[in-house]
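K.L.:
For reference, the file upload39.pdb (PDB, C-alpha atoms, pLDDT in the B column) is included below:
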ATOM      1  CA  MET A   1      -9.091 149.772 188.033  1.00 36.00           C
ATOM      2  CA  SER A   2      -8.424 146.147 189.005  1.00 39.00           C
ATOM      3  CA  GLN A   3      -6.256 143.839 186.929  1.00 40.00           C
ATOM      4  CA  LEU A   4      -9.346 141.966 185.808  1.00 43.00           C
ATOM      5  CA  GLY A   5     -10.971 145.247 184.790  1.00 47.00           C
ATOM      6  CA  ASP A   6      -7.890 146.135 182.754  1.00 51.00           C
ATOM      7  CA  PHE A   7      -8.081 142.771 181.019  1.00 51.00           C
ATOM      8  CA  GLN A   8     -11.735 143.307 180.116  1.00 48.00           C
ATOM      9  CA  LYS A   9     -11.078 146.829 178.889  1.00 45.00           C
ATOM     10  CA  GLN A  10      -8.292 145.628 176.592  1.00 45.00           C
ATOM     11  CA  SER A  11     -10.331 142.858 174.984  1.00 41.00           C
ATOM     12  CA  PRO A  12     -12.243 143.937 171.841  1.00 38.00           C
ATOM     13  CA  LEU A  13     -14.314 140.744 171.925  1.00 37.00           C
ATOM     14  CA  GLU A  14     -16.220 140.691 175.167  1.00 39.00           C
ATOM     15  CA  VAL A  15     -19.287 142.455 173.688  1.00 34.00           C
ATOM     16  CA  ALA A  16     -19.203 141.362 170.051  1.00 35.00           C
ATOM     17  CA  ASP A  17     -18.447 137.683 170.581  1.00 47.00           C
ATOM     18  CA  ASP A  18     -21.638 135.671 171.151  1.00 49.00           C
ATOM     19  CA  PRO A  19     -20.753 132.109 172.225  1.00 50.00           C
ATOM     20  CA  SER A  20     -23.814 130.807 170.383  1.00 40.00           C
ATOM     21  CA  GLU A  21     -22.210 131.858 167.106  1.00 44.00           C
ATOM     22  CA  LEU A  22     -19.309 129.448 167.624  1.00 46.00           C
ATOM     23  CA  GLN A  23     -21.101 126.200 168.420  1.00 60.00           C
ATOM     24  CA  ASN A  24     -20.250 124.274 165.260  1.00 76.00           C
ATOM     25  CA  PHE A  25     -16.661 123.311 164.539  1.00 90.00           C
ATOM     26  CA  PRO A  26     -15.286 121.078 161.801  1.00 91.00           C
ATOM     27  CA  PRO A  27     -14.060 117.644 162.918  1.00 94.00           C
ATOM     28  CA  PHE A  28     -10.325 117.205 163.275  1.00 95.00           C
ATOM     29  CA  GLY A  29     -10.226 113.422 163.181  1.00 94.00           C
ATOM     30  CA  SER A  30      -7.830 111.518 165.392  1.00 92.00           C
ATOM     31  CA  ALA A  31      -4.423 112.878 164.317  1.00 95.00           C
ATOM     32  CA  LEU A  32      -4.205 116.417 165.686  1.00 96.00           C
ATOM     33  CA  LYS A  33      -1.188 118.654 165.950  1.00 98.00           C
ATOM     34  CA  VAL A  34      -1.449 120.457 169.289  1.00 98.00           C
ATOM     35  CA  LEU A  35       0.642 123.407 170.439  1.00 98.00           C
ATOM     36  CA  MET A  36       0.680 123.838 174.212  1.00 98.00           C
ATOM     37  CA  VAL A  37       1.598 127.343 175.371  1.00 98.00           C
ATOM     38  CA  TRP A  38       2.594 128.353 178.887  1.00 97.00           C
ATOM     39  CA  PRO A  39       2.171 132.160 178.983  1.00 97.00           C
ATOM     40  CA  ARG A  40       4.809 134.604 180.144  1.00 94.00           C
ATOM     41  CA  PHE A  41       4.696 136.019 183.680  1.00 90.00           C
ATOM     42  CA  PRO A  42       5.038 139.783 184.065  1.00 89.00           C
ATOM     43  CA  SER A  43       7.927 141.057 186.154  1.00 76.00           C
ATOM     44  CA  SER A  44       6.676 140.137 189.604  1.00 62.00           C
ATOM     45  CA  PHE A  45       7.104 137.670 192.459  1.00 59.00           C
ATOM     46  CA  TRP A  46       5.957 134.927 190.084  1.00 56.00           C
ATOM     47  CA  SER A  47       8.667 135.599 187.481  1.00 53.00           C
ATOM     48  CA  PHE A  48      11.569 135.319 189.973  1.00 59.00           C
ATOM     49  CA  ASP A  49      13.487 137.904 187.926  1.00 62.00           C
ATOM     50  CA  GLY A  50      16.038 138.681 190.619  1.00 58.00           C
ATOM     51  CA  ILE A  51      16.955 135.046 191.175  1.00 60.00           C
ATOM     52  CA  MET A  52      17.098 134.279 187.456  1.00 56.00           C
ATOM     53  CA  ASN A  53      19.704 137.029 187.074  1.00 61.00           C
ATOM     54  CA  LEU A  54      21.956 135.189 189.514  1.00 60.00           C
ATOM     55  CA  VAL A  55      21.837 131.646 188.159  1.00 59.00           C
ATOM     56  CA  PRO A  56      22.618 130.278 184.676  1.00 55.00           C
ATOM     57  CA  ILE A  57      19.066 129.033 184.196  1.00 62.00           C
ATOM     58  CA  GLU A  58      16.269 130.469 182.027  1.00 61.00           C
ATOM     59  CA  THR A  59      13.282 130.014 184.362  1.00 76.00           C
ATOM     60  CA  ASP A  60      12.171 128.483 187.641  1.00 74.00           C
ATOM     61  CA  GLN A  61       9.734 125.570 187.244  1.00 85.00           C
ATOM     62  CA  PRO A  62       7.986 123.826 184.331  1.00 91.00           C
ATOM     63  CA  PRO A  63       4.234 124.098 183.600  1.00 94.00           C
ATOM     64  CA  LEU A  64       3.173 120.944 185.402  1.00 93.00           C
ATOM     65  CA  GLY A  65      -0.523 121.370 184.599  1.00 94.00           C
ATOM     66  CA  LEU A  66       0.034 121.442 180.844  1.00 96.00           C
ATOM     67  CA  LEU A  67       2.380 118.459 181.104  1.00 96.00           C
ATOM     68  CA  THR A  68      -0.341 116.553 182.951  1.00 96.00           C
ATOM     69  CA  ILE A  69      -2.912 117.390 180.272  1.00 97.00           C
ATOM     70  CA  ALA A  70      -0.371 116.270 177.668  1.00 98.00           C
ATOM     71  CA  ALA A  71      -0.297 112.850 179.361  1.00 97.00           C
ATOM     72  CA  LEU A  72      -4.098 112.662 179.023  1.00 97.00           C
ATOM     73  CA  CYS A  73      -4.078 113.446 175.299  1.00 98.00           C
ATOM     74  CA  PRO A  74      -4.617 110.622 172.795  1.00 97.00           C
ATOM     75  CA  LYS A  75      -1.473 108.877 171.609  1.00 97.00           C
ATOM     76  CA  SER A  76      -2.392 109.835 168.045  1.00 97.00           C
ATOM     77  CA  TRP A  77      -1.955 113.549 168.805  1.00 98.00           C
ATOM     78  CA  THR A  78       1.378 115.220 168.076  1.00 98.00           C
ATOM     79  CA  LEU A  79       2.277 117.618 170.889  1.00 98.00           C
ATOM     80  CA  ARG A  80       4.673 120.522 171.203  1.00 98.00           C
ATOM     81  CA  LEU A  81       5.228 122.782 174.217  1.00 98.00           C
ATOM     82  CA  ILE A  82       6.335 126.412 174.170  1.00 98.00           C
ATOM     83  CA  ASP A  83       7.221 127.967 177.526  1.00 96.00           C
ATOM     84  CA  ARG A  84       6.997 131.725 177.086  1.00 95.00           C
ATOM     85  CA  SER A  85       9.205 132.202 180.135  1.00 90.00           C
ATOM     86  CA  PHE A  86      12.154 131.773 177.792  1.00 91.00           C
ATOM     87  CA  GLU A  87      10.805 131.032 174.295  1.00 94.00           C
ATOM     88  CA  ASP A  88       9.301 133.220 171.593  1.00 96.00           C
ATOM     89  CA  LEU A  89       5.958 132.222 170.139  1.00 98.00           C
ATOM     90  CA  LEU A  90       6.207 132.579 166.369  1.00 98.00           C
ATOM     91  CA  ASP A  91       3.386 132.711 163.842  1.00 98.00           C
ATOM     92  CA  ALA A  92       4.944 129.615 162.286  1.00 98.00           C
ATOM     93  CA  ASP A  93       4.462 127.750 165.581  1.00 98.00           C
ATOM     94  CA  ILE A  94       0.781 128.667 165.694  1.00 98.00           C
ATOM     95  CA  LEU A  95       0.242 127.829 162.019  1.00 98.00           C
ATOM     96  CA  TRP A  96       1.826 124.407 162.561  1.00 98.00           C
ATOM     97  CA  ALA A  97      -0.948 123.487 164.982  1.00 98.00           C
ATOM     98  CA  ASP A  98      -4.537 122.409 164.515  1.00 98.00           C
ATOM     99  CA  LEU A  99      -5.288 123.335 168.132  1.00 98.00           C
ATOM    100  CA  VAL A 100      -3.559 125.783 170.489  1.00 98.00           C
ATOM    101  CA  MET A 101      -3.971 124.846 174.155  1.00 98.00           C
ATOM    102  CA  VAL A 102      -3.229 127.407 176.873  1.00 98.00           C
ATOM    103  CA  SER A 103      -3.228 127.282 180.658  1.00 97.00           C
ATOM    104  CA  GLY A 104      -2.309 129.854 183.247  1.00 95.00           C
ATOM    105  CA  MET A 105      -3.109 131.996 186.251  1.00 92.00           C
ATOM    106  CA  ARG A 106      -4.647 135.461 186.332  1.00 92.00           C
ATOM    107  CA  VAL A 107      -1.207 137.045 186.789  1.00 91.00           C
ATOM    108  CA  GLN A 108      -0.406 135.754 183.261  1.00 94.00           C
ATOM    109  CA  LYS A 109      -3.517 137.410 181.791  1.00 95.00           C
ATOM    110  CA  ASP A 110      -1.758 139.739 179.348  1.00 96.00           C
ATOM    111  CA  ASP A 111       0.190 137.001 177.607  1.00 97.00           C
ATOM    112  CA  ILE A 112      -2.847 134.691 177.721  1.00 98.00           C
ATOM    113  CA  ARG A 113      -4.856 137.343 175.895  1.00 97.00           C
ATOM    114  CA  GLU A 114      -2.120 137.960 173.323  1.00 97.00           C
ATOM    115  CA  THR A 115      -1.661 134.255 172.632  1.00 98.00           C
ATOM    116  CA  LEU A 116      -5.368 133.540 172.176  1.00 98.00           C
ATOM    117  CA  LEU A 117      -5.951 136.569 169.969  1.00 97.00           C
ATOM    118  CA  ARG A 118      -2.949 135.729 167.776  1.00 98.00           C
ATOM    119  CA  ALA A 119      -4.157 132.165 167.318  1.00 98.00           C
ATOM    120  CA  ARG A 120      -7.651 133.370 166.450  1.00 96.00           C
ATOM    121  CA  ALA A 121      -6.276 135.908 163.953  1.00 97.00           C
ATOM    122  CA  LEU A 122      -4.302 133.114 162.294  1.00 98.00           C
ATOM    123  CA  GLY A 123      -7.380 130.905 162.043  1.00 96.00           C
ATOM    124  CA  ARG A 124      -6.416 128.328 164.658  1.00 97.00           C
ATOM    125  CA  ARG A 125      -8.722 126.732 167.206  1.00 97.00           C
ATOM    126  CA  THR A 126      -7.983 127.484 170.838  1.00 98.00           C
ATOM    127  CA  MET A 127      -8.672 125.886 174.197  1.00 98.00           C
ATOM    128  CA  ILE A 128      -7.852 127.193 177.664  1.00 98.00           C
ATOM    129  CA  GLY A 129      -8.015 125.594 181.092  1.00 97.00           C
ATOM    130  CA  GLY A 130      -6.303 126.020 184.428  1.00 95.00           C
ATOM    131  CA  PRO A 131      -6.846 128.393 187.368  1.00 93.00           C
ATOM    132  CA  PHE A 132      -7.725 131.555 185.388  1.00 95.00           C
ATOM    133  CA  ALA A 133     -10.216 129.707 183.192  1.00 96.00           C
ATOM    134  CA  SER A 134     -11.783 128.060 186.239  1.00 94.00           C
ATOM    135  CA  SER A 135     -12.160 131.432 187.974  1.00 92.00           C
ATOM    136  CA  GLU A 136     -13.324 133.598 185.041  1.00 94.00           C
ATOM    137  CA  PRO A 137     -14.786 131.332 182.319  1.00 96.00           C
ATOM    138  CA  GLU A 138     -17.220 133.934 180.953  1.00 95.00           C
ATOM    139  CA  LEU A 139     -14.398 136.357 180.312  1.00 94.00           C
ATOM    140  CA  LEU A 140     -12.232 133.776 178.568  1.00 96.00           C
ATOM    141  CA  LEU A 141     -15.101 132.575 176.371  1.00 96.00           C
ATOM    142  CA  SER A 142     -14.675 135.877 174.552  1.00 94.00           C
ATOM    143  CA  LEU A 143     -11.106 134.951 173.657  1.00 96.00           C
ATOM    144  CA  ALA A 144     -10.964 131.159 173.281  1.00 97.00           C
ATOM    145  CA  ASP A 145     -13.038 128.694 171.277  1.00 97.00           C
ATOM    146  CA  HIS A 146     -13.202 126.205 174.162  1.00 97.00           C
ATOM    147  CA  VAL A 147     -12.912 126.837 177.912  1.00 97.00           C
ATOM    148  CA  VAL A 148     -12.416 124.043 180.444  1.00 97.00           C
ATOM    149  CA  VAL A 149     -13.448 124.771 184.027  1.00 96.00           C
ATOM    150  CA  GLY A 150     -12.344 122.439 186.798  1.00 95.00           C
ATOM    151  CA  GLU A 151     -10.193 119.316 186.712  1.00 96.00           C
ATOM    152  CA  PRO A 152     -10.505 117.368 183.436  1.00 96.00           C
ATOM    153  CA  ASP A 153      -8.430 114.299 184.380  1.00 96.00           C
ATOM    154  CA  GLU A 154     -11.291 111.810 184.142  1.00 96.00           C
ATOM    155  CA  ILE A 155     -13.200 113.331 181.225  1.00 96.00           C
ATOM    156  CA  PHE A 156     -10.406 114.576 178.984  1.00 97.00           C
ATOM    157  CA  PRO A 157     -10.701 111.513 176.725  1.00 96.00           C
ATOM    158  CA  GLU A 158     -14.308 112.586 176.141  1.00 97.00           C
ATOM    159  CA  ILE A 159     -13.220 116.164 175.370  1.00 97.00           C
ATOM    160  CA  ALA A 160     -10.594 114.862 172.953  1.00 97.00           C
ATOM    161  CA  ALA A 161     -13.188 112.683 171.232  1.00 97.00           C
ATOM    162  CA  ASP A 162     -15.524 115.685 170.905  1.00 96.00           C
ATOM    163  CA  ILE A 163     -12.760 117.691 169.245  1.00 96.00           C
ATOM    164  CA  GLY A 164     -12.034 114.865 166.856  1.00 96.00           C
ATOM    165  CA  ARG A 165     -15.635 114.430 165.715  1.00 95.00           C
ATOM    166  CA  GLY A 166     -16.532 118.124 165.603  1.00 94.00           C
ATOM    167  CA  SER A 167     -18.889 118.198 168.590  1.00 94.00           C
ATOM    168  CA  ALA A 168     -16.698 120.005 171.134  1.00 95.00           C
ATOM    169  CA  LYS A 169     -18.534 122.323 173.516  1.00 95.00           C
ATOM    170  CA  ARG A 170     -17.655 125.955 174.002  1.00 96.00           C
ATOM    171  CA  LEU A 171     -17.622 125.401 177.764  1.00 97.00           C
ATOM    172  CA  TYR A 172     -16.822 122.288 179.784  1.00 96.00           C
ATOM    173  CA  ASP A 173     -17.802 122.961 183.397  1.00 96.00           C
ATOM    174  CA  ILE A 174     -16.509 120.038 185.457  1.00 96.00           C
ATOM    175  CA  LYS A 175     -17.832 119.853 189.012  1.00 94.00           C
ATOM    176  CA  ASP A 176     -16.502 116.464 190.140  1.00 93.00           C
ATOM    177  CA  ARG A 177     -13.163 116.073 191.896  1.00 93.00           C
ATOM    178  CA  PRO A 178     -11.196 113.366 190.078  1.00 93.00           C
ATOM    179  CA  ASP A 179      -9.319 110.527 191.697  1.00 92.00           C
ATOM    180  CA  ILE A 180      -5.822 111.776 190.982  1.00 92.00           C
ATOM    181  CA  SER A 181      -4.313 108.442 192.002  1.00 91.00           C
ATOM    182  CA  LYS A 182      -5.333 107.421 188.464  1.00 91.00           C
ATOM    183  CA  THR A 183      -3.807 110.465 186.735  1.00 92.00           C
ATOM    184  CA  PRO A 184      -0.822 109.494 184.542  1.00 92.00           C
ATOM    185  CA  LEU A 185       2.730 110.748 184.931  1.00 91.00           C
ATOM    186  CA  PRO A 186       3.181 114.198 183.318  1.00 94.00           C
ATOM    187  CA  ARG A 187       4.895 114.345 179.920  1.00 96.00           C
ATOM    188  CA  PHE A 188       8.277 115.570 181.141  1.00 94.00           C
ATOM    189  CA  ASP A 189       9.730 114.516 177.784  1.00 96.00           C
ATOM    190  CA  LEU A 190       8.166 117.623 176.198  1.00 97.00           C
ATOM    191  CA  LEU A 191      10.407 119.930 178.249  1.00 95.00           C
ATOM    192  CA  LYS A 192      13.688 121.582 177.386  1.00 93.00           C
ATOM    193  CA  ILE A 193      14.666 120.328 180.794  1.00 88.00           C
ATOM    194  CA  GLU A 194      18.046 122.083 180.969  1.00 87.00           C
ATOM    195  CA  LYS A 195      16.263 125.472 181.046  1.00 87.00           C
ATOM    196  CA  TYR A 196      14.706 124.979 184.486  1.00 85.00           C
ATOM    197  CA  ALA A 197      16.149 125.783 187.908  1.00 81.00           C
ATOM    198  CA  SER A 198      14.009 123.144 189.637  1.00 80.00           C
ATOM    199  CA  MET A 199      11.593 120.379 188.747  1.00 81.00           C
ATOM    200  CA  ALA A 200       8.140 120.188 190.324  1.00 80.00           C
ATOM    201  CA  VAL A 201       6.093 117.106 191.110  1.00 82.00           C
ATOM    202  CA  GLN A 202       2.466 117.071 192.198  1.00 82.00           C
ATOM    203  CA  PHE A 203       1.658 115.033 195.280  1.00 83.00           C
ATOM    204  CA  SER A 204      -1.835 116.315 196.056  1.00 85.00           C
ATOM    205  CA  ARG A 205      -4.667 118.673 195.113  1.00 88.00           C
ATOM    206  CA  GLY A 206      -6.934 120.498 197.519  1.00 87.00           C
ATOM    207  CA  CYS A 207      -6.031 122.248 200.744  1.00 87.00           C
ATOM    208  CA  PRO A 208      -7.490 122.113 204.287  1.00 87.00           C
ATOM    209  CA  PHE A 209      -6.572 125.736 205.042  1.00 88.00           C
ATOM    210  CA  GLN A 210      -8.473 128.957 204.268  1.00 84.00           C
ATOM    211  CA  CYS A 211      -5.832 131.595 203.486  1.00 86.00           C
ATOM    212  CA  GLU A 212      -7.588 134.781 202.412  1.00 82.00           C
ATOM    213  CA  PHE A 213      -5.130 135.472 199.577  1.00 79.00           C
ATOM    214  CA  CYS A 214      -5.500 132.050 197.910  1.00 79.00           C
ATOM    215  CA  ASP A 215      -8.265 130.545 195.762  1.00 76.00           C
ATOM    216  CA  ILE A 216      -6.970 126.973 195.818  1.00 77.00           C
ATOM    217  CA  ILE A 217      -9.893 125.783 197.936  1.00 80.00           C
ATOM    218  CA  THR A 218     -12.354 127.370 195.494  1.00 81.00           C
ATOM    219  CA  ILE A 219     -10.885 125.570 192.493  1.00 82.00           C
ATOM    220  CA  TYR A 220      -9.634 122.301 194.011  1.00 84.00           C
ATOM    221  CA  GLY A 221     -11.616 121.934 197.227  1.00 87.00           C
ATOM    222  CA  ARG A 222     -10.673 121.736 200.905  1.00 84.00           C
ATOM    223  CA  LYS A 223     -10.161 117.973 201.052  1.00 87.00           C
ATOM    224  CA  PRO A 224      -6.624 116.997 199.968  1.00 86.00           C
ATOM    225  CA  ARG A 225      -6.463 114.202 197.406  1.00 88.00           C
ATOM    226  CA  THR A 226      -3.141 112.433 196.986  1.00 86.00           C
ATOM    227  CA  LYS A 227      -1.295 110.472 194.351  1.00 85.00           C
ATOM    228  CA  ARG A 228       0.528 107.201 194.862  1.00 79.00           C
ATOM    229  CA  PRO A 229       4.328 107.474 195.294  1.00 75.00           C
ATOM    230  CA  GLY A 230       4.923 105.668 192.005  1.00 67.00           C
ATOM    231  CA  GLN A 231       2.991 108.365 190.133  1.00 62.00           C
ATOM    232  CA  LEU A 232       5.375 111.161 191.041  1.00 61.00           C
ATOM    233  CA  LEU A 233       8.474 110.000 189.194  1.00 56.00           C
ATOM    234  CA  ALA A 234       9.184 107.075 186.934  1.00 50.00           C
TER     235      ALA A 234
END
Starting from the file, lay out its structure as structure tokens.
P.N.:
Amino acid sequence: MSQLGDFQKQSPLEVADDPSELQNFPPFGSALKVLMVWPRFPSSFWSFDGIMNLVPIETDQPPLGLLTIAALCPKSWTLRLIDRSFEDLLDADILWADLVMVSGMRVQKDDIRETLLRARALGRRTMIGGPFASSEPELLLSLADHVVVGEPDEIFPEIAADIGRGSAKRLYDIKDRPDISKTPLPRFDLLKIEKYASMAVQFSRGCPFQCEFCDIITIYGRKPRTKRPGQLLA
């Protein structure tokens, strides 16, 4: 069975959970507490286990996508980041939050599932975006309250406003490619920066190539879009 099939088999919600039953959510107002969670990688190429055993560093690179979303959040929101590459996710962390936001790739599916189910069991609202959500939104609608497909740079203020007033959609399916020259600098201040072996910056999205093993062109398009040099570091 494929990895995706395993994920579906493990989830107890894919049949019972009707998205229409979860359309109405209470308003949060403007002062949310948001816990951002970067899920753990299994032991694989992506976890860099062998290298991490050789250097006095906890993990390789920070979750740049979540840090970018953090920069798009309203200033009135209080944000925390937990990187499951080296941090435990405690019930107390989840209970602190009004909203648990998750991103990740399919290779992180097991920890994504565990995180979303724990938050739901503890009565906390959840939202997921990123590559896995953009590729398999129907599957993740069974686990998360809100799923964001595509690149939310230009409409995230609208999503945040919907959450605040209680009108957030179950699914945001964003087709447009944003002008990332207007995307703000990621919130690097949320990191435990000493834990990382290297620090990533994003220069572009989209790719002109068609590698058969990669879905970048499906999610971000084949036309590269670039940032201005001043957006990379400040």
K.L.:
Nearest to A:Arg80 among A:Ile217, A:Leu185, A:Ser198, A:Leu35, with distances taken over all atoms listed in the file: which residue is it?
P.N.:
A:Leu35
K.L.:
In Å to one decimal, how far is atom CA of A:Lys227 from atom CA of A:Ile180?
P.N.:
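Answer for the atom CA of A:Ile180 to atom CA of A:Lys227 separation: 5.8 Å.
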K.L.:
Interatomic distance between atom CA of A:Ile155 and atom CA of A:Tyr172?
P.N.:
9.8 Å
K.L.:
What is the distance between atom CA of A:Ser181 and atom CA of A:Asp153, in Å to one decimal?
P.N.:
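For atom CA of A:Ser181 relative to atom CA of A:Asp153, the distance reads 10.5 Å.
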K.L.:
Applying 12 Å and all atoms listed in the file, which residues near A:Glu194 remain after dropping the ones on its own chain fewer than 2 positions away? List them as a list in words.
P.N.:
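Result of the neighbour search: Pro56, Ile57, Glu58, Thr59, Asp60, Gln61, Pro62, Phe86, Phe188, Asp189, Leu190, Leu191, Lys192, Tyr196, Ala197, Ser198 and Met199 of chain A.
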K.L.:
So which residues get picked by the PyMOL selection byres ((chain A and resi 133) around 9) here, written as an MDAnalysis selection string?
P.N.:
chainID A and resid 103:106 128:132 134:141 147:150
K.L.:
Do you know which residues are at most 12 Å from stretch 201-213 of chain A counting all atoms listed in the file, after dropping those on the same chain fewer than 2 positions away, and could you put them as a PyMOL selection string?
P.N.:
chain A and resi 61-65+67-68+150-151+177-181+183-188+198-199+215-234
